[in-house]
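Visitor: Sending over input15.txt (compact mmCIF, C-alpha atoms).
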# COMPACT_ATOMS: atom_id res chain seq x y z
CA MET A 1 11.21 -13.08 -15.39
CA ALA A 2 13.99 -14.26 -17.60
CA VAL A 3 12.80 -17.86 -17.34
CA VAL A 4 9.72 -17.46 -19.50
CA PRO A 5 11.23 -15.83 -22.62
CA GLY A 6 14.00 -18.43 -22.74
CA ILE A 7 11.57 -21.31 -22.67
CA GLY A 8 9.31 -19.41 -25.02
CA ASN A 9 12.01 -19.18 -27.68
CA GLU A 10 12.73 -22.85 -27.36
CA ILE A 11 9.09 -23.83 -27.72
CA GLY A 12 8.65 -21.34 -30.52
CA GLY A 13 11.50 -22.88 -32.46
CA ILE A 14 10.16 -26.37 -31.99
CA ALA A 15 6.65 -25.30 -32.90
CA GLN A 16 7.81 -23.81 -36.17
CA SER A 17 9.70 -26.91 -37.22
CA PHE A 18 6.69 -28.92 -36.10
CA GLU A 19 4.45 -26.96 -38.38
CA GLY A 20 6.98 -27.27 -41.15
CA ALA A 21 7.00 -31.02 -40.81
CA VAL A 22 3.22 -31.28 -40.68
CA SER A 23 2.62 -29.04 -43.64
CA GLN A 24 4.86 -31.22 -45.74
CA ASP A 25 1.97 -33.63 -45.82
CA LEU A 26 3.48 -36.30 -43.70
CA ASN A 27 0.70 -38.65 -42.92
CA LEU A 28 0.71 -38.60 -39.19
CA GLY A 29 -2.83 -39.74 -38.67
CA ALA A 30 -3.61 -40.34 -35.07
CA GLY A 31 0.00 -40.03 -34.08
CA ALA A 32 1.98 -37.43 -32.22
CA GLU A 33 -0.08 -34.45 -33.30
CA ALA A 34 -3.30 -35.82 -31.96
CA ARG A 35 -1.65 -36.88 -28.75
CA VAL A 36 -0.31 -33.41 -28.12
CA LEU A 37 -3.70 -31.90 -28.84
CA ARG A 38 -5.38 -34.34 -26.50
CA GLU A 39 -2.94 -33.51 -23.74
CA MET A 40 -3.52 -29.82 -24.26
CA ARG A 41 -7.27 -30.28 -24.20
CA GLU A 42 -7.09 -32.32 -21.03
CA GLN A 43 -5.06 -29.65 -19.34
CA GLY A 44 -7.77 -27.18 -20.07
CA MET A 45 -5.97 -25.16 -22.67
CA HIS A 46 -8.15 -23.64 -25.31
CA ILE A 47 -7.80 -25.40 -28.67
CA PRO A 48 -9.13 -23.44 -31.61
CA ASP A 49 -11.83 -25.14 -33.64
CA GLY A 50 -9.59 -25.73 -36.62
CA GLY A 51 -7.32 -27.66 -34.32
CA ALA A 52 -7.50 -30.91 -36.19
CA ARG A 53 -5.53 -29.40 -39.02
CA VAL A 54 -3.28 -27.27 -36.94
CA GLY A 55 -0.57 -27.11 -39.58
CA ASN A 56 -2.59 -25.10 -42.09
CA VAL A 57 -1.74 -21.53 -41.38
CA GLY A 58 -4.04 -19.93 -43.89
CA GLU A 59 -7.34 -21.65 -43.14
CA THR A 60 -8.13 -20.98 -39.52
CA GLY A 61 -5.84 -18.05 -38.76
CA LYS A 62 -4.90 -19.66 -35.47
CA THR A 63 -1.75 -21.64 -35.30
CA PHE A 64 -0.02 -23.70 -32.73
CA MET A 65 2.35 -20.78 -32.27
CA ASP A 66 -0.54 -18.52 -31.35
CA VAL A 67 -1.86 -20.91 -28.78
CA LEU A 68 1.56 -21.30 -27.26
CA SER A 69 2.41 -17.63 -27.20
CA ARG A 70 -0.95 -16.82 -25.66
CA SER A 71 -0.42 -19.27 -22.88
CA LEU A 72 3.13 -18.04 -22.36
CA GLU A 73 1.82 -14.54 -22.03
CA GLN A 74 -0.71 -15.75 -19.51
CA VAL A 75 2.04 -17.34 -17.46
CA ASN A 76 4.09 -14.17 -17.59
CA GLN A 77 1.05 -12.16 -16.59
CA ASP A 78 0.51 -14.41 -13.61
CA GLN A 79 4.11 -13.93 -12.55
CA VAL A 80 3.82 -10.17 -12.82
CA GLN A 81 0.63 -10.19 -10.80
CA ALA A 82 2.22 -12.33 -8.13
CA ASP A 83 5.16 -9.94 -7.92
CA HIS A 84 2.77 -7.06 -7.61
CA ALA A 85 0.83 -8.79 -4.84
CA ILE A 86 4.08 -9.45 -2.96
CA LYS A 87 5.10 -5.82 -3.26
CA GLU A 88 1.77 -4.71 -1.89
CA MET A 89 2.06 -7.02 1.07
CA VAL A 90 5.66 -6.08 1.85
CA ALA A 91 4.81 -2.40 1.69
CA GLY A 92 2.05 -2.96 4.20
CA ARG A 93 -0.59 -1.73 1.76
CA ASN A 94 -2.47 -4.97 1.53
CA LYS A 95 -2.49 -7.09 4.62
CA ASN A 96 -4.73 -9.80 3.15
CA ILE A 97 -2.22 -12.57 3.16
CA HIS A 98 -4.61 -15.06 1.54
CA GLU A 99 -4.88 -12.97 -1.62
CA THR A 100 -1.14 -12.80 -1.93
CA MET A 101 -0.77 -16.53 -1.32
CA LEU A 102 -3.41 -17.28 -3.98
CA ALA A 103 -1.67 -15.07 -6.52
CA ILE A 104 1.61 -16.82 -5.90
CA GLU A 105 0.06 -20.26 -6.10
CA ARG A 106 -1.60 -19.38 -9.36
CA ALA A 107 1.70 -18.21 -10.82
CA ASP A 108 3.39 -21.33 -9.51
CA SER A 109 0.77 -23.69 -10.96
CA SER A 110 0.61 -22.00 -14.33
CA MET A 111 4.37 -22.14 -14.63
CA LYS A 112 4.41 -25.82 -13.72
CA LEU A 113 1.63 -26.46 -16.22
CA MET A 114 3.56 -24.69 -18.93
CA MET A 115 6.65 -26.72 -18.13
CA GLN A 116 4.69 -29.94 -18.47
CA VAL A 117 3.24 -28.81 -21.79
CA ARG A 118 6.76 -28.00 -22.92
CA ASN A 119 7.86 -31.48 -21.94
CA LYS A 120 5.01 -33.05 -23.86
CA VAL A 121 5.75 -30.94 -26.90
CA LEU A 122 9.37 -32.00 -26.76
CA ASP A 123 8.32 -35.62 -26.48
CA ALA A 124 6.05 -35.30 -29.47
CA TYR A 125 8.75 -33.58 -31.47
CA ARG A 126 11.31 -36.22 -30.67
CA GLU A 127 8.89 -38.97 -31.55
CA ILE A 128 8.25 -37.41 -34.92
CA MET A 129 11.94 -36.89 -35.54
CA ARG A 130 12.57 -40.50 -34.80
CA MET A 131 10.31 -41.63 -37.54
CA GLN A 132 12.09 -43.14 -40.49
CA VAL A 133 11.10 -41.40 -43.64
CA MET B 1 22.07 -5.82 -0.19
CA SER B 2 21.67 -7.04 -3.77
CA SER B 3 20.68 -10.61 -3.80
CA GLY B 4 21.57 -11.59 -7.33
CA PHE B 5 18.01 -12.79 -7.83
CA ASP B 6 15.19 -10.66 -9.04
CA PRO B 7 14.44 -7.47 -7.11
CA ILE B 8 11.37 -8.91 -5.42
CA ILE B 9 13.54 -11.35 -3.49
CA GLY B 10 15.77 -8.45 -2.45
CA ALA B 11 12.72 -6.50 -1.30
CA LEU B 12 11.50 -9.49 0.70
CA ASN B 13 14.92 -9.75 2.31
CA THR B 14 14.79 -6.09 3.30
CA SER B 15 11.32 -6.59 4.70
CA LEU B 16 12.54 -9.50 6.82
CA ASN B 17 15.39 -7.41 8.22
CA LEU B 18 13.07 -4.61 9.16
CA ARG B 19 10.56 -6.92 10.79
CA LEU B 20 13.39 -8.35 12.85
CA LEU B 21 14.33 -4.87 14.00
CA ASN B 22 10.70 -4.19 14.84
CA GLN B 23 10.67 -7.39 16.89
CA ASN B 24 13.59 -6.06 18.91
CA VAL B 25 11.89 -2.74 19.50
CA ILE B 26 8.66 -4.39 20.63
CA SER B 27 10.55 -6.77 22.94
CA SER B 28 12.25 -3.76 24.54
CA ASN B 29 8.91 -2.14 25.14
CA ILE B 30 7.47 -5.26 26.71
CA ALA B 31 10.51 -5.83 28.92
CA ASN B 32 10.38 -2.22 30.11
CA ALA B 33 6.64 -2.09 30.68
CA ASP B 34 7.18 -1.36 34.36
CA THR B 35 10.24 0.85 34.22
CA PRO B 36 9.43 4.32 35.52
CA GLY B 37 10.03 7.07 33.01
CA TYR B 38 10.50 4.73 30.06
CA LYS B 39 8.99 6.02 26.84
CA ALA B 40 7.59 3.41 24.48
CA LYS B 41 9.42 3.19 21.15
CA ALA B 42 7.93 2.64 17.73
CA MET B 43 9.42 2.01 14.33
CA GLU B 44 8.26 3.56 11.12
CA PHE B 45 9.41 1.51 8.19
CA GLU B 46 6.41 0.93 6.01
CA GLY B 47 6.73 4.38 4.51
CA ALA B 48 10.42 3.83 3.79
CA LEU B 49 9.72 0.38 2.33
CA ARG B 50 7.04 1.75 0.08
CA ALA B 51 9.35 4.41 -1.25
CA ALA B 52 11.98 1.79 -1.93
CA LEU B 53 9.52 -0.45 -3.74
CA GLY B 54 8.07 2.35 -5.78
CA VAL B 55 4.48 1.65 -4.82
CA ALA B 56 4.11 5.09 -3.36
CA GLU B 57 0.78 6.66 -4.05
CA GLY B 58 1.99 9.80 -5.66
CA LEU B 59 4.77 10.34 -8.10
CA GLN B 60 7.18 7.69 -9.14
CA ALA B 61 10.66 8.86 -9.91
CA GLU B 62 11.87 8.34 -13.43
CA ALA B 63 15.44 8.49 -14.57
CA THR B 64 15.35 10.79 -17.57
CA ALA B 65 19.06 11.54 -17.76
CA PRO B 66 22.06 9.24 -17.47
CA GLY B 67 23.19 10.83 -14.24
CA HIS B 68 19.96 10.23 -12.33
CA ILE B 69 20.17 7.98 -9.34
CA MET B 70 17.19 5.67 -8.97
CA ARG B 71 16.20 4.02 -5.75
CA SER B 72 16.11 0.32 -6.32
CA PRO B 73 14.28 -2.13 -4.11
CA THR B 74 17.58 -3.45 -2.83
CA ASP B 75 18.91 -0.16 -1.46
CA PRO B 76 19.36 -0.27 2.28
CA VAL B 77 16.35 1.20 3.98
CA ASN B 78 16.96 3.37 7.01
CA PRO B 79 14.04 3.09 9.38
CA GLU B 80 13.43 5.48 12.18
CA VAL B 81 13.02 4.39 15.74
CA TYR B 82 11.36 7.13 17.67
CA ASP B 83 9.42 7.65 20.85
CA ASP B 84 5.82 6.81 20.25
CA PRO B 85 3.88 10.07 20.51
CA ASN B 86 0.62 8.25 21.17
CA GLY B 87 1.75 6.86 24.48
CA ILE B 88 -0.30 7.79 27.49
CA GLU B 89 1.79 8.47 30.54
CA SER B 90 0.94 6.61 33.66
CA LEU B 91 1.79 7.85 37.15
CA ASP B 92 5.42 6.80 37.02
CA GLY B 93 6.08 8.25 33.57
CA ASN B 94 5.92 4.95 31.72
CA THR B 95 4.13 5.11 28.36
CA VAL B 96 4.05 1.46 27.39
CA ASP B 97 0.60 0.07 26.55
CA ARG B 98 0.95 -3.65 27.15
CA SER B 99 -2.02 -4.83 25.10
CA ALA B 100 -1.04 -2.69 22.14
CA GLU B 101 2.48 -4.08 22.28
CA MET B 102 1.21 -7.65 22.38
CA ALA B 103 -0.97 -6.97 19.35
CA LYS B 104 1.96 -5.44 17.50
CA LEU B 105 4.08 -8.43 18.41
CA ALA B 106 1.55 -10.85 16.94
CA GLU B 107 1.11 -8.83 13.76
CA ASN B 108 4.82 -8.47 13.26
CA GLN B 109 5.43 -12.17 13.66
CA LEU B 110 2.64 -13.04 11.27
CA LEU B 111 3.91 -10.73 8.55
CA PHE B 112 7.44 -12.03 9.08
CA ASP B 113 6.19 -15.57 8.59
CA ALA B 114 4.23 -14.50 5.51
CA SER B 115 7.36 -12.92 4.01
CA VAL B 116 9.30 -16.11 4.65
CA GLU B 117 6.60 -18.12 2.88
CA MET B 118 6.71 -15.81 -0.14
CA LEU B 119 10.46 -16.17 -0.25
CA LYS B 120 10.18 -19.94 -0.11
CA LYS B 121 7.71 -19.95 -2.98
CA LYS B 122 9.73 -17.63 -5.19
CA ILE B 123 12.92 -19.57 -4.67
CA GLY B 124 10.99 -22.79 -5.16
CA MET B 125 9.75 -21.59 -8.55
CA LEU B 126 13.27 -20.69 -9.60
CA LYS B 127 14.56 -24.06 -8.52
CA TYR B 128 11.76 -25.79 -10.40
CA ALA B 129 12.60 -23.96 -13.58
CA ILE B 130 16.27 -24.75 -13.13
CA GLY B 131 15.45 -28.39 -12.62
CA GLU B 132 13.67 -28.35 -16.01
CA GLY B 133 10.23 -29.00 -14.81
CA GLY B 134 10.96 -32.15 -12.93
CA GLY B 135 11.16 -34.06 -16.18
CA GLY B 136 14.91 -33.75 -16.40
CA ARG B 137 14.90 -33.73 -20.13
CA MET C 1 20.57 -6.47 15.08
CA ASP C 2 19.70 -10.11 15.38
CA PHE C 3 17.28 -12.53 16.91
CA PHE C 4 19.46 -13.11 19.91
CA SER C 5 19.54 -9.54 21.13
CA SER C 6 15.74 -9.67 21.12
CA MET C 7 15.87 -12.85 23.20
CA ARG C 8 18.37 -11.30 25.59
CA VAL C 9 16.09 -8.31 26.08
CA SER C 10 13.15 -10.58 26.86
CA ALA C 11 15.34 -12.64 29.20
CA SER C 12 16.31 -9.47 31.06
CA GLY C 13 12.61 -8.72 31.41
CA LEU C 14 11.97 -12.15 32.86
CA ASP C 15 14.82 -11.71 35.30
CA ALA C 16 13.62 -8.29 36.43
CA GLN C 17 10.05 -9.48 36.95
CA THR C 18 11.29 -12.45 38.96
CA LYS C 19 13.26 -10.18 41.26
CA ARG C 20 10.26 -7.95 41.57
CA MET C 21 8.15 -10.95 42.58
CA ASN C 22 10.75 -11.80 45.18
CA THR C 23 10.44 -8.40 46.81
CA ILE C 24 6.66 -8.61 46.70
CA SER C 25 6.67 -12.06 48.33
CA SER C 26 9.06 -10.77 50.95
CA ASN C 27 6.73 -7.86 51.67
CA ILE C 28 3.66 -10.06 51.97
CA ALA C 29 5.41 -12.60 54.16
CA ASN C 30 6.70 -9.90 56.50
CA SER C 31 3.58 -7.82 56.72
CA GLU C 32 3.30 -8.38 60.46
CA THR C 33 6.98 -8.47 61.40
CA THR C 34 7.78 -6.02 64.19
CA ARG C 35 11.32 -7.07 64.97
CA THR C 36 14.17 -6.91 62.49
CA GLU C 37 17.95 -7.02 62.72
CA GLU C 38 18.29 -3.27 62.31
CA GLY C 39 15.68 -2.68 64.96
CA GLY C 40 12.20 -1.43 64.36
CA PRO C 41 9.52 -2.98 62.23
CA TYR C 42 10.02 -4.50 58.76
CA ARG C 43 10.24 -1.82 56.13
CA ARG C 44 8.57 -2.47 52.80
CA LYS C 45 10.97 -3.06 49.90
CA ASP C 46 10.68 -1.95 46.31
CA ALA C 47 12.64 -3.02 43.25
CA VAL C 48 13.89 -0.15 41.14
CA LEU C 49 13.89 -0.92 37.41
CA THR C 50 15.98 0.89 34.83
CA ALA C 51 16.28 0.52 31.09
CA VAL C 52 19.75 -0.53 29.97
CA THR C 53 21.22 -0.91 26.53
CA ASP C 54 22.13 -4.41 25.47
CA ARG C 55 25.88 -4.41 25.29
CA GLU C 56 26.75 -8.05 24.81
CA SER C 57 26.37 -8.07 21.08
CA PHE C 58 29.07 -5.54 20.31
CA GLY C 59 31.17 -4.94 23.37
CA GLU C 60 31.39 -1.34 24.41
CA ILE C 61 31.07 0.22 20.99
CA LEU C 62 27.61 0.93 19.71
CA GLU C 63 28.10 0.43 16.01
CA ASN C 64 24.67 1.29 14.91
CA LYS C 65 22.60 4.09 16.31
CA LEU C 66 19.56 1.86 16.01
CA ASP C 67 21.05 -0.57 18.47
CA GLU C 68 20.88 2.09 21.16
CA GLN C 69 17.15 2.07 20.99
CA VAL C 70 16.82 -1.55 21.92
CA GLN C 71 16.94 -1.65 25.67
CA GLY C 72 16.60 -4.38 28.21
CA VAL C 73 15.66 -3.87 31.82
CA LEU C 74 17.71 -4.22 34.94
CA VAL C 75 16.87 -4.21 38.63
CA GLU C 76 19.27 -1.55 39.75
CA ASP C 77 18.51 -1.47 43.39
CA VAL C 78 16.14 -2.68 46.05
CA VAL C 79 15.18 0.31 48.14
CA GLU C 80 13.20 0.55 51.27
CA ASP C 81 9.97 2.39 51.37
CA THR C 82 10.43 5.66 53.25
CA ARG C 83 6.83 6.00 54.36
CA PRO C 84 6.48 5.91 58.14
CA PRO C 85 5.29 2.66 59.73
CA ARG C 86 1.69 2.20 60.77
CA MET C 87 1.05 2.83 64.42
CA VAL C 88 -1.45 0.40 65.90
CA PHE C 89 -2.75 0.68 69.40
CA ASN C 90 -1.98 -2.59 71.17
CA PRO C 91 -0.59 -2.14 74.71
CA SER C 92 -0.30 -5.85 75.39
CA HIS C 93 2.12 -6.40 72.52
CA PRO C 94 5.73 -7.03 73.70
CA ASP C 95 7.00 -4.34 71.30
CA ALA C 96 4.55 -1.66 72.37
CA ASP C 97 6.14 1.68 73.12
CA ALA C 98 5.43 3.90 76.14
CA ASN C 99 2.03 4.99 74.80
CA GLY C 100 0.92 1.46 73.92
CA TYR C 101 1.39 1.89 70.16
CA VAL C 102 3.11 -0.78 68.11
CA ALA C 103 4.91 0.21 64.93
CA MET C 104 3.66 -2.21 62.27
CA PRO C 105 5.21 -2.53 58.79
CA ASN C 106 3.77 -0.20 56.20
CA VAL C 107 2.79 -3.06 53.90
CA ASN C 108 -0.58 -2.67 52.24
CA PRO C 109 -1.77 -6.11 51.11
CA VAL C 110 -4.01 -4.73 48.38
CA GLU C 111 -1.12 -2.79 46.90
CA GLU C 112 1.08 -5.86 47.03
CA MET C 113 -1.56 -7.99 45.29
CA ALA C 114 -1.88 -5.41 42.53
CA ASN C 115 1.89 -5.37 42.07
CA MET C 116 1.95 -9.13 42.04
CA ILE C 117 -0.64 -9.33 39.26
CA SER C 118 1.25 -6.75 37.28
CA ALA C 119 4.49 -8.66 37.67
CA GLN C 120 2.81 -11.87 36.59
CA ARG C 121 1.32 -10.29 33.48
CA SER C 122 4.64 -8.75 32.56
CA TYR C 123 6.33 -12.10 33.02
CA GLU C 124 3.86 -13.79 30.69
CA ALA C 125 4.19 -11.00 28.15
CA ASN C 126 7.96 -11.43 28.14
CA ILE C 127 7.57 -15.19 27.66
CA THR C 128 5.35 -14.52 24.64
CA ALA C 129 7.89 -12.12 23.17
CA LEU C 130 10.65 -14.67 23.67
CA ASN C 131 8.64 -17.42 22.00
CA SER C 132 7.81 -15.12 19.16
CA ALA C 133 11.48 -14.34 18.51
CA LYS C 134 12.34 -18.02 18.72
CA SER C 135 9.63 -18.98 16.25
CA MET C 136 10.71 -16.28 13.82
CA ALA C 137 14.26 -17.57 13.88
CA ALA C 138 13.05 -21.14 13.33
CA LYS C 139 10.88 -20.00 10.43
CA ALA C 140 13.77 -18.22 8.78
CA LEU C 141 15.64 -21.51 8.79
CA GLU C 142 12.95 -22.96 6.54
CA ILE C 143 13.82 -20.73 3.61
CA GLY C 144 14.92 -22.87 0.74
CA ARG C 145 13.44 -26.05 2.09
Please, can you express the file's structure as structure tokens?

Guide:
Amino acid sequence: MAVVPGIGNEIGGIAQSFEGAVSQDLNLGAGAEARVLREMREQGMHIPDGGARVGNVGETGKTFMDVLSRSLEQVNQDQVQADHAIKEMVAGRNKNIHETMLAIERADSSMKLMMQVRNKVLDAYREIMRMQV
Amino acid sequence: MSSGFDPIIGALNTSLNLRLLNQNVISSNIANADTPGYKAKAMEFEGALRAALGVAEGLQAEATAPGHIMRSPTDPVNPEVYDDPNGIESLDGNTVDRSAEMAKLAENQLLFDASVEMLKKKIGMLKYAIGEGGGGR
Amino acid sequence: MDFFSSMRVSASGLDAQTKRMNTISSNIANSETTRTEEGGPYRRKDAVLTAVTDRESFGEILENKLDEQVQGVLVEDVVEDTRPPRMVFNPSHPDADANGYVAMPNVNPVEEMANMISAQRSYEANITALNSAKSMAAKALEIGR
């Protein structure tokens, strides 16, 4: 799937500049960063415990980049599994249509979820960039 | 029959073509269920499809030299239509089993519909990604 | 190979079964007829079915060997049953011969009923096949919706 790596690079780039901005000790407070984290938590994504200070790479060992790349991998994995399920069905190996439909729906939903997260991240980024320093 | 999309969509397209051919074969059998001497036909394509998709149980071919030709999922699949050897001859030489043909008809239609649904979903996902997640940003 | 050749095949099946029903009805209606235009009692009729290749889709040239395998059905001929008529002893019948036997048509009602049921089942099966092809074509139109 060529779609996922392209979006992944975009989000990766934004995430790095995001971290750069945060680690420059801009006092964001309860601003964009917290909003993004809240959105991610609501959508069921796993936030590491050191999530309140996401910008500090050294302390928790888990960065925003890690979270993102993990979820991107998950989306890609779902796509691969859906493709595999389709192949099985087309080849007549697996005639359980409901399993195939579920696999496809899961891939579909996880991709849509990721797209929404991407949109929110972009929003947050733009909001930060708009701030007058 | 390359579709320009990813190979799964090409494979689904091939599967739809073959199911259509199967539909024709089954319709012939049903129409000729009373014709004396008519031998019921069957189509074997699942084996050919599997080989094309590379989900065969045994060995998968690997191209180890530049000159190797690999079967891709979008290569045209040549199915065989042959006289069904399992047919039991009735008094007039007709080997069509009506109930079996009706069952095959239903199964074929169902799997055709399922393939169409998969195709819709895959294309839908592509369109969604192209439309930038509905946010239009 | 397309949806429409499948529908034509099923339509040929419907047509053949209808003609077959016609001969069966004719047999049942005339099961007691002793006088016909050619003389003699009514002779039972049978429809002869043959498998034919669908030629409409490509004229006379069979482009694809696979297309040969798809065959519709045609009522080639309506032949008369060659079995001898039933002789029934009935001297008072106007058509009785010198010995008092009347030649009755060789129509066996049980056989005709069996044929009729078979024709009806075949007709319904062909309708199902036709509907199936139609629904597949309609479904294919939904791709991309």

Visitor: Of the residues B:Arg19, B:Arg50, B:Lys121, B:Lys39, which is the one nearest to B:Gln109, using all atoms listed in the file?

Guide: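 Counting all atoms listed in the file, the residue closest to B:Gln109 is B:Arg19.
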
Visitor: As an exercise, work out the distance from atom CA of C:Val73 to atom CA of C:Thr53 in Å and give it to one decimal place.

Guide: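 Here the two named atoms are 8.2 Å from each other.
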
Visitor: Tell me, in Å to one decimal, how far atom CA of B:Gly37 is from atom CA of B:Asp84.

Guide: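 Interatomic distance, atom CA of B:Gly37 to atom CA of B:Asp84: 13.4 Å.
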
Visitor: Please identify all polymer residues within 6 Å of stretch 34-44 of chain C, counting all atoms listed in the file, omitting same-chain residues fewer than 6 positions from it, and present them as a ChimeraX atom specification.

Guide: /C:27,80-81,104-105,107

Visitor: Could you work out which residues of chain B fall inside 6 Å of chain C? Count all atoms listed in the file, and format the result as a ChimeraX atom specification.

Guide: /B:24-25,27-28,31-32,35,120

Visitor: Compare A:Gln79, A:Ile97, A:Ala124, A:Ser71 by their minimum atom-to-atom distance to B:Ser115, counting all atoms listed in the file, and give me the closest one.

Guide: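 Selected residue with least distance to B:Ser115: A:Ile97.
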